[in-house]
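Colleague: So I've got this file, coords.cif, and it contains mmCIF, C-alpha atoms:
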```
data_entry
loop_
_atom_site.label_atom_id
_atom_site.label_comp_id
_atom_site.auth_asym_id
_atom_site.auth_seq_id
_atom_site.Cartn_x
_atom_site.Cartn_y
_atom_site.Cartn_z
CA MET A 738 0.00 0.00 0.00
CA LEU A 739 2.86 2.33 0.80
CA GLY A 740 4.31 1.66 -2.65
CA LEU A 741 1.00 2.60 -4.26
CA LEU A 742 1.04 5.95 -2.45
CA GLU A 743 4.35 6.75 -4.12
CA THR A 744 2.45 7.32 -7.38
CA GLY A 745 0.44 10.13 -5.70
CA PRO A 746 -1.82 10.86 -2.69
CA ARG A 747 -4.95 8.71 -2.45
CA HIS A 748 -7.82 8.15 -0.06
CA GLY A 749 -8.58 4.76 1.45
CA TYR A 750 -11.20 3.65 -1.05
CA ASP A 751 -8.98 4.61 -3.97
CA LEU A 752 -6.09 2.65 -2.46
CA LYS A 753 -8.24 -0.45 -2.12
CA ARG A 754 -9.45 -0.11 -5.71
CA VAL A 755 -5.92 0.20 -7.15
CA TYR A 756 -4.60 -2.57 -4.90
CA ASP A 757 -7.39 -4.97 -5.93
CA GLU A 758 -6.90 -4.12 -9.59
CA ARG A 759 -3.16 -4.74 -9.54
CA PHE A 760 -2.55 -7.27 -6.78
CA GLY A 761 -5.91 -8.47 -5.42
CA GLN A 762 -6.32 -11.28 -7.97
CA ASP A 763 -8.56 -13.71 -6.15
CA ARG A 764 -8.10 -12.08 -2.73
CA PRO A 765 -9.32 -8.47 -2.56
CA LEU A 766 -8.21 -6.26 0.31
CA ALA A 767 -10.68 -5.84 3.22
CA TYR A 768 -11.69 -2.24 4.01
CA GLY A 769 -10.78 -2.74 7.65
CA GLN A 770 -7.28 -3.76 6.65
CA VAL A 771 -6.86 -0.63 4.49
CA TYR A 772 -7.67 1.72 7.36
CA SER A 773 -5.75 -0.18 10.03
CA THR A 774 -2.67 -0.21 7.76
CA LEU A 775 -3.02 3.50 7.02
CA SER A 776 -3.19 4.30 10.77
CA ARG A 777 -0.05 2.26 11.38
CA LEU A 778 1.81 3.98 8.53
CA LEU A 779 0.66 7.34 9.85
CA ARG A 780 1.86 6.48 13.36
CA ASN A 781 5.27 5.41 11.99
CA GLY A 782 5.67 8.62 9.97
CA LEU A 783 5.67 6.82 6.62
CA VAL A 784 2.54 8.62 5.37
CA GLU A 785 0.87 11.94 6.22
CA GLU A 786 -2.60 13.36 5.76
CA SER A 787 -2.85 15.44 2.63
CA GLY A 788 -6.24 17.14 2.60
CA VAL A 789 -9.82 15.96 2.47
CA GLU A 790 -11.77 15.25 -0.70
CA PRO A 791 -15.14 16.98 -1.19
CA GLY A 792 -17.85 14.99 0.55
CA GLY A 793 -16.11 14.95 3.90
CA GLY A 794 -16.08 12.09 6.40
CA PRO A 795 -13.02 10.18 7.64
CA GLU A 796 -13.02 7.88 4.61
CA ARG A 797 -12.39 10.84 2.26
CA LYS A 798 -9.10 11.80 3.88
CA ARG A 799 -6.22 11.67 1.45
CA TYR A 800 -2.85 10.25 2.43
CA ALA A 801 0.58 11.03 0.92
CA ILE A 802 3.85 9.15 1.28
CA THR A 803 6.63 10.89 3.27
CA ASP A 804 10.39 10.86 2.50
CA ALA A 805 10.80 8.19 5.17
CA GLY A 806 8.07 6.21 3.42
CA VAL A 807 9.86 6.43 0.04
CA THR A 808 13.09 5.18 1.67
CA ASP A 809 11.14 2.31 3.26
CA VAL A 810 9.64 1.28 -0.12
CA SER A 811 13.07 1.45 -1.82
CA GLU A 812 14.63 -0.77 0.83
CA TRP A 813 11.76 -3.26 0.71
CA LEU A 814 11.93 -3.55 -3.10
CA VAL A 815 15.62 -4.49 -3.18
CA THR A 816 15.36 -6.92 -0.24
CA PRO A 817 15.05 -10.39 -1.83
CA GLU A 818 12.16 -12.61 -0.82
CA SER A 819 13.31 -15.78 0.94
CA PRO A 820 13.21 -18.56 -1.66
CA GLN A 821 10.62 -21.14 -0.60
CA THR A 822 12.18 -24.56 -0.13
CA TYR A 823 8.93 -26.55 -0.31
CA LEU A 824 10.34 -29.07 2.16
CA GLN A 825 6.97 -29.32 3.89
CA SER A 826 4.72 -30.66 1.17
CA ALA A 827 1.35 -32.35 1.53
CA MET A 828 1.93 -34.06 -1.82
CA TYR A 829 5.16 -35.63 -0.56
CA THR A 830 3.46 -36.70 2.69
CA LYS A 831 0.60 -38.36 0.79
CA VAL A 832 2.95 -40.31 -1.50
CA VAL A 833 5.05 -41.53 1.43
CA LEU A 834 2.00 -42.51 3.49
CA ALA A 835 0.50 -44.37 0.51
CA LEU A 836 3.77 -46.31 0.11
CA MET A 837 4.10 -46.98 3.87
CA SER A 838 0.55 -48.33 4.04
CA GLY A 839 0.95 -50.50 0.93
CA ARG A 840 -1.58 -48.48 -1.11
CA ASP A 841 -1.15 -47.69 -4.80
CA ALA A 842 0.78 -44.39 -4.81
CA ASN A 843 0.01 -44.06 -8.53
CA GLU A 844 -3.56 -43.20 -7.57
CA VAL A 845 -2.29 -40.34 -5.41
CA LEU A 846 -0.07 -39.08 -8.22
CA ASP A 847 -2.80 -39.42 -10.87
CA ALA A 848 -5.38 -37.54 -8.81
CA GLN A 849 -2.91 -34.74 -8.18
CA ARG A 850 -1.84 -34.61 -11.82
CA THR A 851 -5.46 -34.25 -12.94
CA ALA A 852 -6.07 -31.42 -10.46
CA HIS A 853 -2.88 -29.63 -11.50
CA LEU A 854 -3.62 -29.91 -15.22
CA LYS A 855 -7.11 -28.57 -14.66
CA SER A 856 -5.75 -25.53 -12.83
CA MET A 857 -3.15 -24.99 -15.52
CA ARG A 858 -5.79 -25.06 -18.24
CA GLU A 859 -7.91 -22.51 -16.36
CA LEU A 860 -4.93 -20.21 -15.85
CA THR A 861 -3.92 -20.54 -19.51
CA SER A 862 -7.40 -19.64 -20.63
CA ARG A 863 -7.46 -16.64 -18.24
CA LYS A 864 -4.06 -15.58 -19.55
CA GLN A 865 -5.22 -15.71 -23.15
CA GLY A 866 -8.12 -13.37 -22.42
CA GLY A 867 -6.18 -11.05 -20.12
CA ASP A 868 -3.79 -8.13 -20.38
CA LEU A 869 -0.04 -8.24 -19.80
CA THR A 870 -0.29 -8.02 -16.02
CA ASP A 871 -2.73 -10.96 -16.06
CA GLN A 872 -0.21 -12.89 -18.14
CA LEU A 873 2.55 -12.06 -15.67
CA ILE A 874 0.73 -13.37 -12.60
CA CYS A 875 -0.74 -16.40 -14.43
CA ASP A 876 2.71 -17.33 -15.77
CA HIS A 877 4.09 -17.17 -12.24
CA ALA A 878 1.41 -19.62 -11.10
CA LEU A 879 1.81 -21.81 -14.21
CA PHE A 880 5.57 -22.23 -13.75
CA HIS A 881 5.05 -23.30 -10.13
CA LEU A 882 2.34 -25.81 -11.08
CA GLU A 883 4.57 -27.12 -13.85
CA ALA A 884 7.37 -27.65 -11.33
CA ASP A 885 4.97 -29.73 -9.20
CA LEU A 886 3.98 -31.76 -12.25
CA ARG A 887 7.60 -32.48 -13.09
CA TRP A 888 8.05 -33.72 -9.55
CA LEU A 889 4.93 -35.91 -9.93
CA GLU A 890 6.35 -37.40 -13.16
CA LEU A 891 9.73 -38.08 -11.61
CA THR A 892 8.12 -39.64 -8.54
CA ALA A 893 5.93 -41.84 -10.76
CA ALA A 894 9.08 -43.07 -12.52
CA ARG A 895 10.68 -43.85 -9.14
CA LEU A 896 7.70 -45.55 -7.52
CA SER A 897 8.88 -49.15 -7.77
CA GLU A 898 12.26 -48.23 -6.33
CA LEU A 899 10.63 -46.14 -3.60
CA GLY A 900 8.12 -48.85 -2.74
CA GLY A 901 11.01 -51.20 -1.93
CA GLN A 902 12.40 -48.72 0.59
CA PHE A 903 9.19 -48.56 2.57
CA THR A 904 8.17 -52.19 2.49
CA GLY A 905 11.58 -53.88 2.52
CA MET B 737 -11.08 -43.75 -24.61
CA ALA B 738 -13.75 -41.03 -25.00
CA GLU B 739 -17.14 -41.97 -26.46
CA ARG B 740 -17.49 -41.71 -30.24
CA ASP B 741 -20.18 -39.35 -31.51
CA ASP B 742 -21.12 -37.40 -34.65
CA ASP B 743 -18.23 -35.04 -34.10
CA THR B 744 -15.65 -37.82 -34.11
CA LEU B 745 -12.96 -37.11 -36.69
CA LEU B 746 -9.96 -39.30 -35.98
CA VAL B 747 -9.82 -42.58 -34.10
CA GLY B 748 -6.88 -44.84 -33.36
CA SER B 749 -7.81 -48.16 -31.73
CA GLU B 750 -5.71 -50.89 -30.14
CA LEU B 751 -2.57 -49.67 -31.88
CA ARG B 752 0.52 -51.83 -31.60
CA LYS B 753 3.87 -51.05 -33.13
CA SER B 754 7.31 -52.49 -32.43
CA PHE B 755 10.70 -51.37 -33.64
CA GLY B 756 12.75 -54.55 -33.42
CA PRO B 757 12.07 -56.32 -30.13
CA THR B 758 10.94 -53.11 -28.40
CA PRO B 759 7.21 -52.36 -28.41
CA ALA B 760 6.66 -48.61 -28.87
CA LEU B 761 2.88 -48.93 -28.80
CA ASP B 762 1.12 -51.65 -26.88
CA GLY B 763 -2.59 -51.24 -27.46
CA ALA B 764 -2.78 -47.43 -27.50
CA GLY B 765 -5.93 -45.63 -28.57
CA LEU B 766 -7.04 -42.05 -29.11
CA MET B 767 -10.18 -40.32 -30.32
CA VAL B 768 -10.20 -36.73 -31.58
CA ARG B 769 -13.34 -34.69 -32.26
CA ARG B 770 -13.73 -31.98 -34.89
CA GLY B 771 -12.11 -28.76 -33.73
CA GLU B 772 -10.76 -30.36 -30.58
CA ILE B 773 -7.22 -29.80 -29.31
CA VAL B 774 -5.87 -32.92 -27.61
CA ALA B 775 -2.51 -33.01 -25.88
CA VAL B 776 -0.62 -36.30 -25.83
CA MET B 777 1.74 -36.29 -22.88
CA GLY B 778 4.17 -38.76 -21.42
CA PRO B 779 7.81 -39.29 -20.56
CA SER B 780 10.53 -39.69 -23.20
CA GLY B 781 10.29 -43.04 -24.94
CA SER B 782 6.70 -43.64 -23.82
CA GLY B 783 5.48 -43.95 -27.42
CA LYS B 784 3.75 -40.61 -27.85
CA SER B 785 5.52 -39.67 -31.10
CA THR B 786 4.91 -43.15 -32.53
CA LEU B 787 1.23 -42.74 -31.69
CA LEU B 788 1.16 -39.43 -33.59
CA HIS B 789 2.95 -41.00 -36.57
CA CYS B 790 0.42 -43.87 -36.68
CA LEU B 791 -2.55 -41.50 -36.43
CA ALA B 792 -1.13 -39.35 -39.22
CA GLY B 793 -0.53 -42.33 -41.50
CA ILE B 794 3.24 -41.74 -41.54
CA VAL B 795 3.91 -45.10 -39.89
CA ALA B 796 1.73 -48.17 -40.37
CA PRO B 797 0.87 -49.90 -37.06
CA ASP B 798 1.61 -53.65 -36.76
CA SER B 799 -1.99 -54.07 -35.65
CA GLY B 800 -4.94 -51.90 -34.74
CA THR B 801 -6.83 -49.38 -36.86
CA VAL B 802 -6.82 -45.69 -37.61
CA THR B 803 -9.94 -44.15 -39.11
CA PHE B 804 -10.21 -40.59 -40.34
CA ASP B 805 -13.70 -39.24 -41.06
CA GLY B 806 -14.90 -42.84 -41.12
CA GLN B 807 -12.22 -44.04 -43.58
CA ASP B 808 -9.76 -46.76 -42.53
CA LEU B 809 -6.27 -45.44 -43.42
CA ALA B 810 -4.89 -48.98 -43.92
CA ALA B 811 -7.58 -49.75 -46.49
CA MET B 812 -6.72 -46.70 -48.61
CA ARG B 813 -4.47 -46.81 -51.65
CA ASP B 814 -1.02 -45.25 -51.07
CA ARG B 815 -1.85 -42.46 -53.50
CA ASP B 816 -5.09 -41.59 -51.69
CA ARG B 817 -3.40 -41.72 -48.31
CA SER B 818 -0.68 -39.34 -49.54
CA ALA B 819 -3.32 -36.97 -50.91
CA LEU B 820 -5.13 -37.10 -47.57
CA ARG B 821 -1.93 -36.29 -45.67
CA ARG B 822 -1.24 -33.40 -48.03
CA GLY B 823 -4.72 -31.87 -47.98
CA ALA B 824 -6.42 -32.80 -44.74
CA PHE B 825 -3.43 -33.07 -42.41
CA GLY B 826 -0.92 -30.42 -41.40
CA PHE B 827 2.34 -31.07 -39.60
CA VAL B 828 4.50 -29.10 -37.20
CA PHE B 829 7.61 -30.73 -35.77
CA GLN B 830 10.26 -29.68 -33.28
CA PHE B 831 12.82 -28.77 -35.93
CA GLY B 832 14.29 -29.69 -39.29
CA GLN B 833 11.00 -29.48 -41.10
CA LEU B 834 11.53 -26.57 -43.50
CA VAL B 835 13.33 -27.20 -46.79
CA PRO B 836 16.56 -25.19 -46.45
CA GLU B 837 16.95 -24.56 -50.20
CA LEU B 838 13.53 -22.93 -50.51
CA SER B 839 12.56 -19.44 -49.32
CA CYS B 840 10.10 -19.19 -46.43
CA VAL B 841 7.19 -18.33 -48.73
CA GLU B 842 8.07 -21.27 -51.01
CA ASN B 843 8.14 -23.52 -47.96
CA VAL B 844 4.69 -22.38 -46.87
CA ALA B 845 3.34 -22.74 -50.40
CA LEU B 846 4.83 -26.24 -50.78
CA PRO B 847 1.82 -28.34 -49.67
CA MET B 848 -0.40 -26.44 -52.12
CA ARG B 849 2.13 -26.75 -54.94
CA LEU B 850 2.36 -30.51 -54.31
CA GLY B 851 -1.41 -30.63 -54.50
CA GLY B 852 -1.30 -29.06 -57.97
CA THR B 853 -2.04 -25.38 -57.17
CA ARG B 854 -0.31 -22.88 -59.48
CA ARG B 855 2.72 -21.10 -58.07
CA LYS B 856 1.26 -17.57 -58.04
CA GLN B 857 -1.95 -18.63 -56.33
CA ALA B 858 -0.14 -20.87 -53.83
CA GLU B 859 2.34 -18.15 -52.86
CA ALA B 860 -0.42 -15.55 -52.49
CA LYS B 861 -2.23 -17.87 -50.09
CA ALA B 862 1.08 -18.63 -48.34
CA LEU B 863 1.71 -14.92 -47.77
CA GLU B 864 -1.80 -14.53 -46.38
CA TRP B 865 -1.05 -17.19 -43.78
CA MET B 866 2.39 -15.78 -43.08
CA ALA B 867 0.75 -12.40 -42.36
CA ARG B 868 -1.64 -14.06 -39.89
CA LEU B 869 1.40 -15.50 -38.14
CA GLU B 870 3.22 -12.17 -38.36
CA VAL B 871 6.10 -13.48 -40.51
CA ASP B 872 5.10 -12.18 -43.97
CA HIS B 873 8.16 -9.90 -43.96
CA LEU B 874 10.35 -13.03 -44.03
CA GLY B 875 8.89 -14.38 -47.28
CA GLY B 876 12.11 -14.05 -49.31
CA LYS B 877 14.44 -15.37 -46.61
CA ARG B 878 15.71 -18.93 -46.38
CA PRO B 879 14.95 -20.92 -43.19
CA GLY B 880 18.62 -20.67 -42.17
CA GLU B 881 18.34 -16.88 -42.10
CA VAL B 882 15.48 -16.67 -39.57
CA SER B 883 15.35 -17.32 -35.80
CA GLY B 884 13.98 -20.51 -34.25
CA GLY B 885 10.74 -18.81 -33.21
CA GLN B 886 10.25 -17.31 -36.66
CA ALA B 887 10.97 -20.69 -38.33
CA GLN B 888 8.31 -22.30 -36.13
CA ARG B 889 5.76 -19.65 -37.16
CA VAL B 890 6.63 -20.31 -40.80
CA ALA B 891 6.14 -24.02 -40.11
CA ILE B 892 2.71 -23.34 -38.58
CA ALA B 893 1.76 -21.25 -41.62
CA ARG B 894 2.79 -24.19 -43.80
CA ALA B 895 0.79 -26.62 -41.69
CA LEU B 896 -2.33 -24.47 -42.00
CA VAL B 897 -2.06 -23.20 -45.58
CA THR B 898 -4.23 -26.00 -46.94
CA GLU B 899 -6.71 -25.39 -44.08
CA PRO B 900 -6.38 -28.99 -42.90
CA LYS B 901 -8.85 -30.81 -40.71
CA VAL B 902 -6.15 -31.99 -38.32
CA VAL B 903 -2.81 -30.48 -37.38
CA PHE B 904 -0.29 -32.92 -35.92
CA ALA B 905 2.20 -31.03 -33.77
CA ASP B 906 5.12 -32.97 -32.28
CA GLU B 907 6.86 -30.95 -29.55
CA PRO B 908 6.29 -27.71 -31.51
CA THR B 909 7.91 -25.58 -28.82
CA GLY B 910 10.61 -28.09 -27.84
CA ALA B 911 13.46 -26.06 -29.32
CA LEU B 912 12.20 -22.64 -28.22
CA ASP B 913 12.67 -20.57 -25.08
CA SER B 914 9.64 -19.86 -22.85
CA PHE B 915 8.77 -16.54 -24.48
CA ASN B 916 8.92 -17.79 -28.07
CA GLY B 917 7.26 -21.06 -27.12
CA GLU B 918 4.37 -19.12 -25.65
CA GLN B 919 3.92 -17.01 -28.79
CA VAL B 920 4.04 -20.07 -31.03
CA MET B 921 1.43 -21.91 -28.95
CA ARG B 922 -0.92 -18.93 -28.94
CA LEU B 923 -0.66 -18.58 -32.70
CA LEU B 924 -1.10 -22.30 -33.29
CA VAL B 925 -4.14 -22.55 -31.02
CA ASP B 926 -5.75 -19.32 -32.27
CA SER B 927 -5.27 -20.31 -35.91
CA ALA B 928 -6.64 -23.80 -35.33
CA ARG B 929 -9.69 -22.41 -33.49
CA GLU B 930 -10.26 -19.91 -36.29
CA THR B 931 -10.23 -22.55 -39.03
CA GLY B 932 -11.96 -25.24 -36.94
CA ALA B 933 -8.98 -27.60 -37.28
CA SER B 934 -8.39 -30.29 -34.66
CA VAL B 935 -4.91 -30.48 -33.18
CA VAL B 936 -3.05 -33.51 -31.88
CA LEU B 937 -0.33 -31.97 -29.77
CA VAL B 938 2.50 -34.18 -28.55
CA THR B 939 4.40 -32.57 -25.71
CA HIS B 940 6.12 -33.37 -22.46
CA GLU B 941 5.59 -29.82 -21.20
CA ALA B 942 2.53 -29.27 -19.02
CA ARG B 943 2.45 -25.55 -19.81
CA VAL B 944 2.09 -26.41 -23.51
CA ALA B 945 -0.50 -29.11 -22.81
CA ALA B 946 -2.53 -26.55 -20.85
CA TYR B 947 -3.54 -24.98 -24.18
CA SER B 948 -5.47 -28.14 -25.08
CA ASP B 949 -9.08 -29.09 -24.39
CA ARG B 950 -7.98 -32.33 -22.76
CA GLU B 951 -4.93 -34.48 -22.19
CA VAL B 952 -4.12 -38.09 -22.80
CA VAL B 953 -1.11 -39.64 -21.11
CA VAL B 954 0.98 -42.32 -22.85
CA ARG B 955 2.94 -44.63 -20.61
CA ASP B 956 4.76 -47.76 -21.78
CA GLY B 957 2.96 -47.61 -25.12
CA ARG B 958 -0.52 -47.42 -23.63
CA THR B 959 -2.82 -44.42 -23.43
CA ARG B 960 -4.69 -43.24 -20.42
CA GLN B 961 -7.22 -40.45 -20.61
CA VAL B 962 -6.69 -37.83 -17.94
CA GLU B 963 -9.71 -35.64 -18.23
CA LEU B 964 -12.56 -34.89 -20.56
CA VAL B 965 -13.44 -31.28 -21.21
CA SER B 966 -16.66 -30.37 -19.41
#
```
Spell out the structure here as structure tokens.
Modeller:
Amino acid sequence: MLGLLETGPRHGYDLKRVYDERFGQDRPLAYGQVYSTLSRLLRNGLVEESGVEPGGGPERKRYAITDAGVTDVSEWLVTPESPQTYLQSAMYTKVVLALMSGRDANEVLDAQRTAHLKSMRELTSRKQGGDLTDQLICDHALFHLEADLRWLELTAARLSELGGQFTG
Amino acid sequence: MAERDDDTLLVGSELRKSFGPTPALDGAGLMVRRGEIVAVMGPSGSGKSTLLHCLAGIVAPDSGTVTFDGQDLAAMRDRDRSALRRGAFGFVFQFGQLVPELSCVENVALPMRLGGTRRKQAEAKALEWMARLEVDHLGGKRPGEVSGGQAQRVAIARALVTEPKVVFADEPTGALDSFNGEQVMRLLVDSARETGASVVLVTHEARVAAYSDREVVVRDGRTRQVELVS
């Protein structure tokens, strides 16, 4: 939200609208969250009040980013996100439990593959009808799903070897 | 295998094919409806390319049948089967498919020329298709003078120039980076949808398969349907 204020002062409703448009995807921002975040930013000196839009009321107050806020955004942007290691995976747990209990792990892999392919088809169709930012976010999701599928394929190829480890 | 209905265009049943002692296909089957895009997936060596070659009449199966629009390919005369491949089928492969000695426009016009269309008419149609695939400016260049992505677009134009009923695409993005692969898939799918052509798309990439209406997985020479489109 702070980053969005760098493009110019906005009131709470406007912030929510721009956030949802750009980043909300399937999870729009709650109004309560907008105002609680703005109060926190105000308290920390990262934003300041910058007039009231005609119509009055607390929700029409406009907020502007401060110099300290700009520095905060710059630092946040160049701080890398921690790469996710995916070492805690429900898919892995299900495959191992299927093998430990003597069930057919292929069924686990097949069900997951079907679900993944379905999601990938939906995302591809959304991407085809969307603009460039839609493509960007859908591609991000598609590459991650594809990575899962490659793992499913590799695991399927290793099943007989793996089965021996758990039953032998 | 999916249920046959009035829209059924291509059916391969109980296909078996061995190269030496190794069975490449071991009872595989596939049904494709008119205008449907079906992805054939599977690990390397699973038999997916052999399945495509059998369905396209390039390779004769040891047993099993392939019918196109109700006609059994094995029962056709060689000449008729060749004419069918030239007119009703289009092909896009991973690489090495364009004739290096011919210009790009001559390559695209080739299936029409082989079918007896006059040069001027065939090249005009070829340029029309090249424009749709945004490569008409490359008409005079040889395949060796264009990039991989551009060559693949030229190949798609060639596959579609006769407005075939089925396009067989074997790893069409296999030699391309993600960006070019994406562009090629969009153009292939959009063009096929526009002309109502069915596509049999062999790929090991899930992102490519996600452009299809449904997937079929080939494993050890056998097919398994993953999901029917709703």
Colleague: Measure the distance from CA of Phe915 in chain B to CA of Gly771 in chain B in Å and round it to one decimal.
Modeller: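 It comes out at 25.9 Å.
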Colleague: Using only C-alpha atoms and a cut-off of 7 Å, which residues of chain A sit close to chain B? Please list them as a PyMOL selection string.
Modeller: chain A and resi 851+854+857-858+861+879+883
Colleague: Please, what distance in Å, to one decimal, runs between CA of Arg958 in chain B and CA of Gly783 in chain B?
Modeller: 7.9 Å
Colleague: Do you know which residues are at most 12 Å from Gly851 in chain B counting only C-alpha atoms, after dropping those on the same chain fewer than 6 positions away, and could you put them as a PyMOL selection string?
Modeller: chain B and resi 815-816+818-824+845+858+897-898
Colleague: Atoms to include: C-alpha atoms. Write the selected residues as an mmCIF file, in the frame of the given file.
Modeller:
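Saved to result_15.cif:
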```
data_model
loop_
_atom_site.group_PDB
_atom_site.id
_atom_site.type_symbol
_atom_site.label_atom_id
_atom_site.label_comp_id
_atom_site.auth_asym_id
_atom_site.auth_seq_id
_atom_site.Cartn_x
_atom_site.Cartn_y
_atom_site.Cartn_z
ATOM 1 C CA ARG B 815 -1.850 -42.460 -53.500
ATOM 2 C CA ASP B 816 -5.090 -41.590 -51.690
ATOM 3 C CA SER B 818 -0.680 -39.340 -49.540
ATOM 4 C CA ALA B 819 -3.320 -36.970 -50.910
ATOM 5 C CA LEU B 820 -5.130 -37.100 -47.570
ATOM 6 C CA ARG B 821 -1.930 -36.290 -45.670
ATOM 7 C CA ARG B 822 -1.240 -33.400 -48.030
ATOM 8 C CA GLY B 823 -4.720 -31.870 -47.980
ATOM 9 C CA ALA B 824 -6.420 -32.800 -44.740
ATOM 10 C CA ALA B 845 3.340 -22.740 -50.400
ATOM 11 C CA ALA B 858 -0.140 -20.870 -53.830
ATOM 12 C CA VAL B 897 -2.060 -23.200 -45.580
ATOM 13 C CA THR B 898 -4.230 -26.000 -46.940
#
```
Colleague: Counting all atoms listed in the file, find the residues whose atoms lie at most 12 Å from (10.5, 9.6, -0.3) (file coordinates) and write them out as a list in words.
Modeller: Leu739, Gly740, Leu742, Glu743, Thr744, Gly745, Gly782, Leu783, Val784, Glu785, Ala801, Ile802, Thr803, Asp804, Ala805, Gly806, Val807, Thr808, Asp809, Val810, Ser811 and Glu812 of chain A
Colleague: Store the residues of this selection in a file with C-alpha atoms, as a PDB file, in the coordinates of the input.
Modeller:
```pdb
ATOM      1  CA  LEU A 739       2.860   2.330   0.800  1.00  0.00           C
ATOM      2  CA  GLY A 740       4.310   1.660  -2.650  1.00  0.00           C
ATOM      3  CA  LEU A 742       1.040   5.950  -2.450  1.00  0.00           C
ATOM      4  CA  GLU A 743       4.350   6.750  -4.120  1.00  0.00           C
ATOM      5  CA  THR A 744       2.450   7.320  -7.380  1.00  0.00           C
ATOM      6  CA  GLY A 745       0.440  10.130  -5.700  1.00  0.00           C
ATOM      7  CA  GLY A 782       5.670   8.620   9.970  1.00  0.00           C
ATOM      8  CA  LEU A 783       5.670   6.820   6.620  1.00  0.00           C
ATOM      9  CA  VAL A 784       2.540   8.620   5.370  1.00  0.00           C
ATOM     10  CA  GLU A 785       0.870  11.940   6.220  1.00  0.00           C
ATOM     11  CA  ALA A 801       0.580  11.030   0.920  1.00  0.00           C
ATOM     12  CA  ILE A 802       3.850   9.150   1.280  1.00  0.00           C
ATOM     13  CA  THR A 803       6.630  10.890   3.270  1.00  0.00           C
ATOM     14  CA  ASP A 804      10.390  10.860   2.500  1.00  0.00           C
ATOM     15  CA  ALA A 805      10.800   8.190   5.170  1.00  0.00           C
ATOM     16  CA  GLY A 806       8.070   6.210   3.420  1.00  0.00           C
ATOM     17  CA  VAL A 807       9.860   6.430   0.040  1.00  0.00           C
ATOM     18  CA  THR A 808      13.090   5.180   1.670  1.00  0.00           C
ATOM     19  CA  ASP A 809      11.140   2.310   3.260  1.00  0.00           C
ATOM     20  CA  VAL A 810       9.640   1.280  -0.120  1.00  0.00           C
ATOM     21  CA  SER A 811      13.070   1.450  -1.820  1.00  0.00           C
ATOM     22  CA  GLU A 812      14.630  -0.770   0.830  1.00  0.00           C
TER      23      GLU A 812
END
```
Colleague: I'd like to see the residues matched by the PyMOL selection byres ((chain B and resi 825-827) around 6) on this file, and ideally I'd get them as an MDAnalysis selection string.
Modeller: chainID B and resid 821 823:824 828 895 900 902:905
Colleague: Run the PyMOL selection byres ((chain B and resi 844) around 10) against the file shown and list the residues it catches, as a ChimeraX atom specification.
Modeller: /B:834-835,838-843,845-849,858-859,861-863,865-866,875,890-898
